[in-house]
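input.csv follows; it contains CSV, N, CA and C atoms.
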chain,number,residue,atom,x,y,z
A,1,MET,N,10.4,5.2,40.9
A,1,MET,CA,9.3,5.2,40.0
A,1,MET,C,9.8,4.7,38.6
A,2,SER,N,9.2,3.6,38.1
A,2,SER,CA,9.7,3.0,36.9
A,2,SER,C,9.0,3.7,35.7
A,3,GLN,N,9.7,3.8,34.6
A,3,GLN,CA,9.1,4.4,33.4
A,3,GLN,C,8.5,3.4,32.5
A,4,GLU,N,7.4,3.7,31.8
A,4,GLU,CA,6.9,2.8,30.8
A,4,GLU,C,7.8,2.8,29.6
A,5,PRO,N,7.9,1.6,28.9
A,5,PRO,CA,8.7,1.6,27.7
A,5,PRO,C,8.1,2.5,26.6
A,6,ILE,N,8.9,3.1,25.8
A,6,ILE,CA,8.4,3.9,24.7
A,6,ILE,C,7.8,2.9,23.7
A,7,ALA,N,6.6,3.2,23.2
A,7,ALA,CA,5.9,2.4,22.2
A,7,ALA,C,6.6,2.5,20.9
A,8,GLU,N,6.7,1.4,20.2
A,8,GLU,CA,7.3,1.4,18.8
A,8,GLU,C,6.3,2.0,17.9
A,9,ARG,N,6.6,3.0,17.1
A,9,ARG,CA,5.7,3.6,16.2
A,9,ARG,C,5.9,3.2,14.8
A,10,ARG,N,6.9,2.4,14.5
A,10,ARG,CA,7.2,2.0,13.1
A,10,ARG,C,6.2,1.0,12.6
A,11,ALA,N,5.8,1.1,11.4
A,11,ALA,CA,4.9,0.1,10.8
A,11,ALA,C,5.6,-1.2,10.5
A,12,ASN,N,6.9,-1.1,10.3
A,12,ASN,CA,7.7,-2.3,10.0
A,12,ASN,C,8.8,-2.4,11.0
A,13,PRO,N,9.1,-3.7,11.5
A,13,PRO,CA,10.1,-3.8,12.6
A,13,PRO,C,11.5,-3.4,12.1
A,14,ARG,N,12.3,-2.9,13.0
A,14,ARG,CA,13.7,-2.5,12.8
A,14,ARG,C,14.5,-3.7,13.2
A,15,LEU,N,15.4,-4.2,12.3
A,15,LEU,CA,16.3,-5.3,12.6
A,15,LEU,C,17.7,-4.8,13.0
A,16,PRO,N,18.2,-5.2,14.2
A,16,PRO,CA,19.6,-4.8,14.5
A,16,PRO,C,20.5,-5.5,13.5
A,17,VAL,N,21.4,-4.8,12.8
A,17,VAL,CA,22.3,-5.4,11.9
A,17,VAL,C,23.7,-4.7,12.0
A,18,ASN,N,24.7,-5.2,11.4
A,18,ASN,CA,26.0,-4.6,11.3
A,18,ASN,C,26.5,-4.8,9.9
A,19,LEU,N,26.0,-3.9,8.9
A,19,LEU,CA,26.3,-4.1,7.5
A,19,LEU,C,27.2,-2.9,7.0
A,20,SER,N,28.1,-3.2,6.1
A,20,SER,CA,28.9,-2.2,5.4
A,20,SER,C,28.0,-1.5,4.3
A,21,ALA,N,28.2,-0.2,4.2
A,21,ALA,CA,27.5,0.5,3.2
A,21,ALA,C,28.3,1.7,2.8
A,22,ARG,N,28.0,2.3,1.7
A,22,ARG,CA,28.7,3.6,1.3
A,22,ARG,C,27.7,4.5,0.6
A,23,ILE,N,28.1,5.7,0.7
A,23,ILE,CA,27.4,6.8,-0.1
A,23,ILE,C,28.4,7.1,-1.2
A,24,PRO,N,28.1,6.8,-2.5
A,24,PRO,CA,29.0,7.0,-3.6
A,24,PRO,C,29.4,8.5,-3.7
A,25,ALA,N,30.5,8.8,-4.3
A,25,ALA,CA,31.0,10.1,-4.5
A,25,ALA,C,30.1,10.8,-5.5
A,26,ASN,N,29.9,12.1,-5.4
A,26,ASN,CA,29.3,12.9,-6.4
A,26,ASN,C,30.1,14.1,-6.7
A,27,ASP,N,29.6,15.1,-7.4
A,27,ASP,CA,30.4,16.2,-7.8
A,27,ASP,C,30.9,17.0,-6.6
A,28,MET,N,30.2,17.0,-5.5
A,28,MET,CA,30.6,17.8,-4.3
A,28,MET,C,31.3,17.1,-3.2
A,29,THR,N,31.2,15.7,-3.2
A,29,THR,CA,31.7,15.0,-2.0
A,29,THR,C,32.5,13.8,-2.5
A,30,SER,N,33.4,13.3,-1.6
A,30,SER,CA,34.0,12.0,-1.8
A,30,SER,C,33.1,10.9,-1.2
A,31,PRO,N,33.4,9.6,-1.5
A,31,PRO,CA,32.6,8.6,-1.0
A,31,PRO,C,32.6,8.6,0.5
A,32,ILE,N,31.4,8.2,1.2
A,32,ILE,CA,31.3,8.1,2.6
A,32,ILE,C,31.0,6.7,3.0
A,33,GLU,N,31.9,6.1,3.8
A,33,GLU,CA,31.7,4.7,4.3
A,33,GLU,C,30.8,4.8,5.5
A,34,CYS,N,29.9,3.8,5.6
A,34,CYS,CA,28.9,3.8,6.7
A,34,CYS,C,28.8,2.4,7.3
A,35,ALA,N,28.3,2.3,8.5
A,35,ALA,CA,27.8,1.1,9.1
A,35,ALA,C,26.3,1.2,9.2
A,36,VAL,N,25.6,0.2,8.7
A,36,VAL,CA,24.1,0.2,8.9
A,36,VAL,C,23.9,-0.5,10.2
A,37,VAL,N,23.4,0.2,11.2
A,37,VAL,CA,23.3,-0.3,12.6
A,37,VAL,C,22.0,-1.0,12.8
A,38,SER,N,20.9,-0.5,12.1
A,38,SER,CA,19.6,-1.1,12.2
A,38,SER,C,18.9,-0.9,10.8
A,39,LEU,N,18.0,-1.7,10.5
A,39,LEU,CA,17.4,-1.7,9.2
A,39,LEU,C,15.9,-2.1,9.3
A,40,SER,N,15.0,-1.3,8.6
A,40,SER,CA,13.6,-1.7,8.5
A,40,SER,C,13.3,-1.6,7.0
A,41,ARG,N,12.1,-2.0,6.7
A,41,ARG,CA,11.7,-1.9,5.3
A,41,ARG,C,11.8,-0.5,4.7
A,42,HIS,N,11.5,0.5,5.5
A,42,HIS,CA,11.4,1.9,5.0
A,42,HIS,C,12.6,2.7,5.4
A,43,GLY,N,13.6,2.2,6.1
A,43,GLY,CA,14.7,3.1,6.4
A,43,GLY,C,15.8,2.3,7.2
A,44,ALA,N,16.8,3.1,7.6
A,44,ALA,CA,17.9,2.5,8.3
A,44,ALA,C,18.5,3.6,9.3
A,45,ARG,N,19.3,3.1,10.3
A,45,ARG,CA,20.1,3.9,11.1
A,45,ARG,C,21.5,3.7,10.7
A,46,LEU,N,22.2,4.8,10.3
A,46,LEU,CA,23.5,4.8,9.8
A,46,LEU,C,24.5,5.4,10.8
A,47,GLU,N,25.7,4.9,10.7
A,47,GLU,CA,26.9,5.5,11.5
A,47,GLU,C,28.0,5.7,10.4
A,48,PRO,N,28.1,7.0,10.0
A,48,PRO,CA,29.2,7.3,9.1
A,48,PRO,C,30.6,7.0,9.7
A,49,LEU,N,31.5,6.4,8.9
A,49,LEU,CA,32.8,6.1,9.5
A,49,LEU,C,33.9,6.8,8.6
A,50,PRO,N,34.7,7.7,9.2
A,50,PRO,CA,34.6,8.3,10.5
A,50,PRO,C,33.3,9.2,10.6
A,51,PRO,N,32.9,9.6,11.8
A,51,PRO,CA,31.7,10.4,12.0
A,51,PRO,C,31.8,11.7,11.2
A,52,ARG,N,30.8,12.0,10.4
A,52,ARG,CA,30.7,13.2,9.7
A,52,ARG,C,29.3,13.5,9.3
A,53,ALA,N,29.0,14.7,8.8
A,53,ALA,CA,27.7,15.1,8.4
A,53,ALA,C,27.3,14.4,7.1
A,54,LEU,N,26.1,14.0,6.9
A,54,LEU,CA,25.6,13.3,5.7
A,54,LEU,C,24.8,14.4,4.9
A,55,PRO,N,24.8,14.3,3.6
A,55,PRO,CA,24.0,15.2,2.8
A,55,PRO,C,22.5,14.9,3.1
A,56,PRO,N,21.6,15.8,2.8
A,56,PRO,CA,20.2,15.6,3.1
A,56,PRO,C,19.6,14.5,2.4
A,57,ALA,N,20.0,14.2,1.2
A,57,ALA,CA,19.5,13.1,0.3
A,57,ALA,C,20.7,12.5,-0.4
A,58,PHE,N,20.7,11.2,-0.6
A,58,PHE,CA,21.8,10.5,-1.3
A,58,PHE,C,21.4,9.1,-1.7
A,59,ASP,N,22.3,8.5,-2.5
A,59,ASP,CA,22.1,7.1,-2.9
A,59,ASP,C,22.9,6.3,-1.8
A,60,LEU,N,22.4,5.2,-1.3
A,60,LEU,CA,23.0,4.4,-0.3
A,60,LEU,C,23.2,3.0,-0.9
A,61,SER,N,24.5,2.6,-0.9
A,61,SER,CA,24.8,1.3,-1.5
A,61,SER,C,25.1,0.4,-0.3
A,62,ILE,N,24.3,-0.6,-0.1
A,62,ILE,CA,24.4,-1.6,1.0
A,62,ILE,C,25.2,-2.8,0.4
A,63,ASP,N,26.4,-3.0,0.9
A,63,ASP,CA,27.3,-4.0,0.3
A,63,ASP,C,26.7,-5.4,0.1
A,64,VAL,N,26.0,-5.9,1.1
A,64,VAL,CA,25.5,-7.3,1.0
A,64,VAL,C,24.4,-7.4,0.0
A,65,ARG,N,23.7,-6.2,-0.3
A,65,ARG,CA,22.7,-6.2,-1.4
A,65,ARG,C,23.2,-6.0,-2.8
A,66,ALA,N,24.4,-5.4,-2.9
A,66,ALA,CA,25.0,-5.1,-4.2
A,66,ALA,C,24.0,-4.3,-5.0
A,67,LYS,N,23.3,-3.4,-4.3
A,67,LYS,CA,22.3,-2.5,-5.0
A,67,LYS,C,22.4,-1.1,-4.3
A,68,THR,N,21.9,-0.1,-4.9
A,68,THR,CA,21.8,1.2,-4.4
A,68,THR,C,20.4,1.7,-4.2
A,69,TYR,N,20.2,2.4,-3.1
A,69,TYR,CA,18.8,2.8,-2.7
A,69,TYR,C,18.8,4.3,-2.5
A,70,ARG,N,17.8,5.0,-2.9
A,70,ARG,CA,17.7,6.5,-2.7
A,70,ARG,C,17.2,6.7,-1.2
A,71,ALA,N,17.9,7.5,-0.5
A,71,ALA,CA,17.6,7.7,0.9
A,71,ALA,C,17.6,9.2,1.2
A,72,ARG,N,16.9,9.6,2.3
A,72,ARG,CA,17.0,11.0,2.8
A,72,ARG,C,17.1,11.0,4.3
A,73,VAL,N,17.8,11.9,4.9
A,73,VAL,CA,18.0,11.9,6.3
A,73,VAL,C,16.7,12.5,7.0
A,74,VAL,N,16.3,11.8,8.0
A,74,VAL,CA,15.1,12.2,8.7
A,74,VAL,C,15.4,12.6,10.2
A,75,TRP,N,16.5,12.2,10.7
A,75,TRP,CA,17.0,12.6,12.0
A,75,TRP,C,18.5,12.4,12.1
A,76,ARG,N,19.1,13.2,13.0
A,76,ARG,CA,20.5,13.1,13.4
A,76,ARG,C,20.6,13.2,14.9
A,77,GLU,N,21.5,12.4,15.4
A,77,GLU,CA,21.8,12.4,16.8
A,77,GLU,C,23.2,11.9,17.1
A,78,GLY,N,24.0,12.8,17.6
A,78,GLY,CA,25.4,12.4,17.8
A,78,GLY,C,26.0,12.0,16.5
A,79,GLY,N,26.7,10.8,16.4
A,79,GLY,CA,27.3,10.4,15.2
A,79,GLY,C,26.4,9.5,14.3
A,80,LEU,N,25.1,9.4,14.7
A,80,LEU,CA,24.2,8.5,14.0
A,80,LEU,C,23.2,9.4,13.2
A,81,ALA,N,22.6,8.8,12.1
A,81,ALA,CA,21.6,9.4,11.3
A,81,ALA,C,20.5,8.4,11.0
A,82,GLY,N,19.3,8.8,11.0
A,82,GLY,CA,18.2,7.9,10.6
A,82,GLY,C,17.8,8.4,9.2
A,83,VAL,N,17.7,7.4,8.3
A,83,VAL,CA,17.3,7.7,6.9
A,83,VAL,C,16.0,6.9,6.5
A,84,ALA,N,15.3,7.6,5.6
A,84,ALA,CA,14.1,6.9,5.0
A,84,ALA,C,14.4,6.6,3.6
A,85,PHE,N,14.0,5.4,3.1
A,85,PHE,CA,14.2,5.0,1.7
A,85,PHE,C,13.0,5.6,0.9
A,86,ASP,N,13.3,6.0,-0.3
A,86,ASP,CA,12.2,6.4,-1.2
A,86,ASP,C,11.2,5.2,-1.3
A,87,SER,N,10.0,5.5,-1.5
A,87,SER,CA,9.0,4.4,-1.4
A,87,SER,C,9.2,3.3,-2.4
A,88,ASP,N,9.7,3.6,-3.6
A,88,ASP,CA,10.0,2.6,-4.6
A,88,ASP,C,11.1,1.7,-4.2
A,89,ASP,N,12.1,2.3,-3.5
A,89,ASP,CA,13.3,1.5,-3.1
A,89,ASP,C,12.9,0.7,-1.8
A,90,ALA,N,12.0,1.2,-1.0
A,90,ALA,CA,11.5,0.4,0.2
A,90,ALA,C,10.8,-0.8,-0.2
A,91,GLU,N,10.1,-0.8,-1.3
A,91,GLU,CA,9.4,-2.0,-1.8
A,91,GLU,C,10.4,-3.0,-2.3
A,92,LYS,N,11.6,-2.6,-2.8
A,92,LYS,CA,12.6,-3.5,-3.3
A,92,LYS,C,13.3,-4.2,-2.1
A,93,TRP,N,13.4,-3.5,-1.0
A,93,TRP,CA,14.2,-4.0,0.2
A,93,TRP,C,13.5,-5.0,1.0
A,94,GLY,N,12.3,-4.6,1.6
A,94,GLY,CA,11.4,-5.4,2.3
A,94,GLY,C,11.9,-6.6,3.1
A,95,PRO,N,12.4,-6.4,4.4
A,95,PRO,CA,12.9,-7.5,5.2
A,95,PRO,C,11.9,-8.6,5.3
A,96,GLU,N,10.6,-8.3,5.2
A,96,GLU,CA,9.6,-9.4,5.4
A,96,GLU,C,9.5,-10.3,4.2
A,97,ASN,N,10.2,-10.0,3.1
A,97,ASN,CA,10.1,-10.8,1.9
A,97,ASN,C,11.0,-12.0,2.1
A,98,GLU,N,10.4,-13.1,2.4
A,98,GLU,CA,11.2,-14.3,2.7
A,98,GLU,C,12.0,-14.9,1.5
A,99,ASN,N,11.6,-14.5,0.3
A,99,ASN,CA,12.3,-15.0,-0.9
A,99,ASN,C,13.6,-14.2,-1.2
A,100,ASP,N,13.9,-13.2,-0.4
A,100,ASP,CA,15.0,-12.4,-0.6
A,100,ASP,C,16.3,-13.0,-0.1
A,101,ASP,N,17.2,-13.5,-0.9
A,101,ASP,CA,18.4,-14.2,-0.5
A,101,ASP,C,19.3,-13.4,0.4
A,102,ALA,N,19.5,-12.1,0.1
A,102,ALA,CA,20.3,-11.3,0.9
A,102,ALA,C,19.7,-11.1,2.3
A,103,MET,N,18.4,-11.0,2.4
A,103,MET,CA,17.8,-10.8,3.8
A,103,MET,C,17.9,-12.1,4.5
A,104,ALA,N,17.8,-13.2,3.9
A,104,ALA,CA,18.0,-14.5,4.5
A,104,ALA,C,19.4,-14.7,5.1
A,105,ARG,N,20.4,-14.2,4.3
A,105,ARG,CA,21.8,-14.2,4.8
A,105,ARG,C,21.9,-13.3,6.1
A,106,ILE,N,21.3,-12.2,6.0
A,106,ILE,CA,21.4,-11.3,7.2
A,106,ILE,C,20.8,-11.9,8.4
A,107,ARG,N,19.6,-12.5,8.2
A,107,ARG,CA,18.9,-13.2,9.3
A,107,ARG,C,19.8,-14.3,9.9
A,108,ARG,N,20.4,-15.1,9.0
A,108,ARG,CA,21.3,-16.2,9.5
A,108,ARG,C,22.4,-15.7,10.3
A,109,SER,N,23.0,-14.6,9.8
A,109,SER,CA,24.2,-14.0,10.5
A,109,SER,C,23.8,-13.5,11.8
A,110,LEU,N,22.6,-12.9,11.9
A,110,LEU,CA,22.2,-12.4,13.2
A,110,LEU,C,21.9,-13.6,14.2
A,111,ARG,N,21.3,-14.7,13.7
A,111,ARG,CA,21.0,-15.8,14.5
A,111,ARG,C,22.2,-16.5,15.0
A,112,PHE,N,23.2,-16.7,14.1
A,112,PHE,CA,24.4,-17.4,14.5
A,112,PHE,C,25.6,-16.6,14.8
A,113,GLY,N,25.5,-15.2,14.8
A,113,GLY,CA,26.5,-14.3,15.1
A,113,GLY,C,27.7,-14.4,14.2
A,114,VAL,N,27.5,-14.7,12.9
A,114,VAL,CA,28.6,-14.8,11.9
A,114,VAL,C,28.2,-13.9,10.8
A,115,ARG,N,29.2,-13.1,10.3
A,115,ARG,CA,29.0,-12.3,9.1
A,115,ARG,C,29.3,-13.1,7.9
A,116,GLU,N,28.3,-13.3,7.0
A,116,GLU,CA,28.5,-14.1,5.8
A,116,GLU,C,29.0,-13.2,4.7
A,117,SER,N,29.7,-13.8,3.8
A,117,SER,CA,30.2,-13.1,2.6
A,117,SER,C,29.0,-12.8,1.7
A,118,SER,N,29.1,-11.6,1.0
A,118,SER,CA,28.0,-11.2,0.2
A,118,SER,C,28.1,-11.9,-1.2
A,119,ASN,N,29.1,-12.7,-1.5
A,119,ASN,CA,29.2,-13.3,-2.8
A,119,ASN,C,29.0,-14.8,-2.7
A,120,GLU,N,27.8,-15.2,-2.1
A,120,GLU,CA,27.4,-16.6,-2.0
A,120,GLU,C,26.9,-17.0,-3.4

Rewrite the structure from the file as structure tokens, please.
Amino acid sequence: MSQEPIAERRANPRLPVNLSARIPANDMTSPIECAVVSLSRHGARLEPLPPRALPPAFDLSIDVRAKTYRARVVWREGGLAGVAFDSDDAEKWGPENENDDAMARIRRSLRFGVRESSNE
């Protein structure tokens, strides 16, 4: 018996990516290095490196963007965590914004399988 595929419930598509990111240090923690495994306009799937618990809310700095976004954890599974961006930050990120140079670099790297430098 075959199973029906699970319907995508996201309003914005998730892009598979492999981006470096970090959660900057605060008074209680040291910096946390992460890999962004997938990305949508409103959130991301993160893999902390090495695996560890993430705080419930934090600033996320995505290296290729050279900007920081406010995020909160919405799910955890194994070594992965799903985060939602605050609505103001989601509007700044917007993968569907074709004028965004960083997103264009990400799309090119996905299409050609090459990781481009963030200082173009």

*Which of these residues is nearest to Pro24 in chain A, using all atoms listed in the file: A:Ala84, A:Leu60, A:Leu46, A:Arg52?*
A:Leu60

_Pairwise distance for atom C of Cys34 in chain A and CA of Leu19 in chain A, rounded to one decimal in Å_ =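 Distance reported for this atom pair: 7.0 Å.
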
*CA of Leu49 in chain A and CA of Pro16 in chain A, how far apart in Å?*
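One can read the CA of Pro16 in chain A to CA of Leu49 in chain A distance as 17.8 Å.
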
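In terms of minimum interatomic distance to Leu54 in chain A, A:Ala81 ranks closest within A:Asp86, A:Tyr69, A:Ala81, A:Arg14, counting all atoms listed in the file.
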
*Two-atom distance - CA of Met28 in chain A, CA of Arg65 in chain A (Å)*: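 Separation between CA of Met28 in chain A and CA of Arg65 in chain A: 25.4 Å.
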
*In the coordinate frame of the file, compute which residues have an atom within 12 Å of (15.8, 8.4, 1.2) when using only C-alpha atoms, and state them as a ChimeraX atom specification.*
/A:23,41-45,54-61,68-75,81-90

*Best match for closeness to Glu47 in chain A among A:Leu80, A:Ser20, A:Ser30, A:Ile62, counting only C-alpha atoms*: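 For Glu47 in chain A, the nearest of the candidates is A:Leu80.
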
*asked:* With distances taken over only C-alpha atoms, which residue among A:Asp63, A:Ala53, A:Arg76, A:Ala21 lies nearest Val37 in chain A?
replied: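 Once distances to Val37 in chain A are computed over only C-alpha atoms, the minimum belongs to A:Ala21.
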
What would the file be for range 21-75 of chain A if you keep C-alpha atoms and write it as a PDB file, in the first residue's frame?
ATOM      1  CA  ALA A  21      25.349  30.924  10.284  1.00  0.00           C
ATOM      2  CA  ARG A  22      25.936  31.715  13.920  1.00  0.00           C
ATOM      3  CA  ILE A  23      24.055  32.697  17.003  1.00  0.00           C
ATOM      4  CA  PRO A  24      26.164  35.434  18.600  1.00  0.00           C
ATOM      5  CA  ALA A  25      27.240  35.130  22.229  1.00  0.00           C
ATOM      6  CA  ASN A  26      25.190  36.765  24.940  1.00  0.00           C
ATOM      7  CA  ASP A  27      25.587  37.059  28.716  1.00  0.00           C
ATOM      8  CA  MET A  28      24.585  33.405  29.211  1.00  0.00           C
ATOM      9  CA  THR A  29      26.071  31.550  26.225  1.00  0.00           C
ATOM     10  CA  SER A  30      29.052  31.366  23.923  1.00  0.00           C
ATOM     11  CA  PRO A  31      28.548  31.764  20.130  1.00  0.00           C
ATOM     12  CA  ILE A  32      26.831  28.808  18.431  1.00  0.00           C
ATOM     13  CA  GLU A  33      27.900  27.867  14.895  1.00  0.00           C
ATOM     14  CA  CYS A  34      25.082  26.485  12.705  1.00  0.00           C
ATOM     15  CA  ALA A  35      24.412  25.183   9.237  1.00  0.00           C
ATOM     16  CA  VAL A  36      21.236  26.483   7.603  1.00  0.00           C
ATOM     17  CA  VAL A  37      19.882  23.342   5.925  1.00  0.00           C
ATOM     18  CA  SER A  38      16.778  24.894   4.368  1.00  0.00           C
ATOM     19  CA  LEU A  39      15.370  28.373   4.174  1.00  0.00           C
ATOM     20  CA  SER A  40      12.031  30.033   3.492  1.00  0.00           C
ATOM     21  CA  ARG A  41      10.850  33.611   3.722  1.00  0.00           C
ATOM     22  CA  HIS A  42       9.557  33.050   7.261  1.00  0.00           C
ATOM     23  CA  GLY A  43      12.044  30.624   8.758  1.00  0.00           C
ATOM     24  CA  ALA A  44      14.842  28.105   8.482  1.00  0.00           C
ATOM     25  CA  ARG A  45      15.926  24.629   9.483  1.00  0.00           C
ATOM     26  CA  LEU A  46      19.164  24.772  11.469  1.00  0.00           C
ATOM     27  CA  GLU A  47      21.757  22.214  12.431  1.00  0.00           C
ATOM     28  CA  PRO A  48      23.900  23.431  15.345  1.00  0.00           C
ATOM     29  CA  LEU A  49      27.567  22.424  14.929  1.00  0.00           C
ATOM     30  CA  PRO A  50      28.326  20.489  17.095  1.00  0.00           C
ATOM     31  CA  PRO A  51      24.759  19.413  17.977  1.00  0.00           C
ATOM     32  CA  ARG A  52      23.422  21.186  21.052  1.00  0.00           C
ATOM     33  CA  ALA A  53      20.262  22.768  22.393  1.00  0.00           C
ATOM     34  CA  LEU A  54      19.387  26.207  21.079  1.00  0.00           C
ATOM     35  CA  PRO A  55      17.857  28.946  23.223  1.00  0.00           C
ATOM     36  CA  PRO A  56      14.107  29.520  22.667  1.00  0.00           C
ATOM     37  CA  ALA A  57      14.734  32.881  20.920  1.00  0.00           C
ATOM     38  CA  PHE A  58      17.919  34.412  19.527  1.00  0.00           C
ATOM     39  CA  ASP A  59      19.549  36.539  16.854  1.00  0.00           C
ATOM     40  CA  LEU A  60      20.682  34.501  13.842  1.00  0.00           C
ATOM     41  CA  SER A  61      23.507  35.825  11.693  1.00  0.00           C
ATOM     42  CA  ILE A  62      23.542  34.222   8.217  1.00  0.00           C
ATOM     43  CA  ASP A  63      27.053  34.733   6.848  1.00  0.00           C
ATOM     44  CA  VAL A  64      26.143  35.188   3.178  1.00  0.00           C
ATOM     45  CA  ARG A  65      23.699  37.931   4.186  1.00  0.00           C
ATOM     46  CA  ALA A  66      26.064  39.738   6.578  1.00  0.00           C
ATOM     47  CA  LYS A  67      22.924  40.612   8.592  1.00  0.00           C
ATOM     48  CA  THR A  68      21.294  39.352  11.761  1.00  0.00           C
ATOM     49  CA  TYR A  69      17.675  38.222  12.077  1.00  0.00           C
ATOM     50  CA  ARG A  70      15.542  37.652  15.185  1.00  0.00           C
ATOM     51  CA  ALA A  71      14.410  34.002  15.320  1.00  0.00           C
ATOM     52  CA  ARG A  72      12.500  31.703  17.674  1.00  0.00           C
ATOM     53  CA  VAL A  73      12.531  27.893  17.815  1.00  0.00           C
ATOM     54  CA  VAL A  74       9.223  26.340  16.720  1.00  0.00           C
ATOM     55  CA  TRP A  75      10.276  22.665  16.594  1.00  0.00           C
TER      56      TRP A  75
END
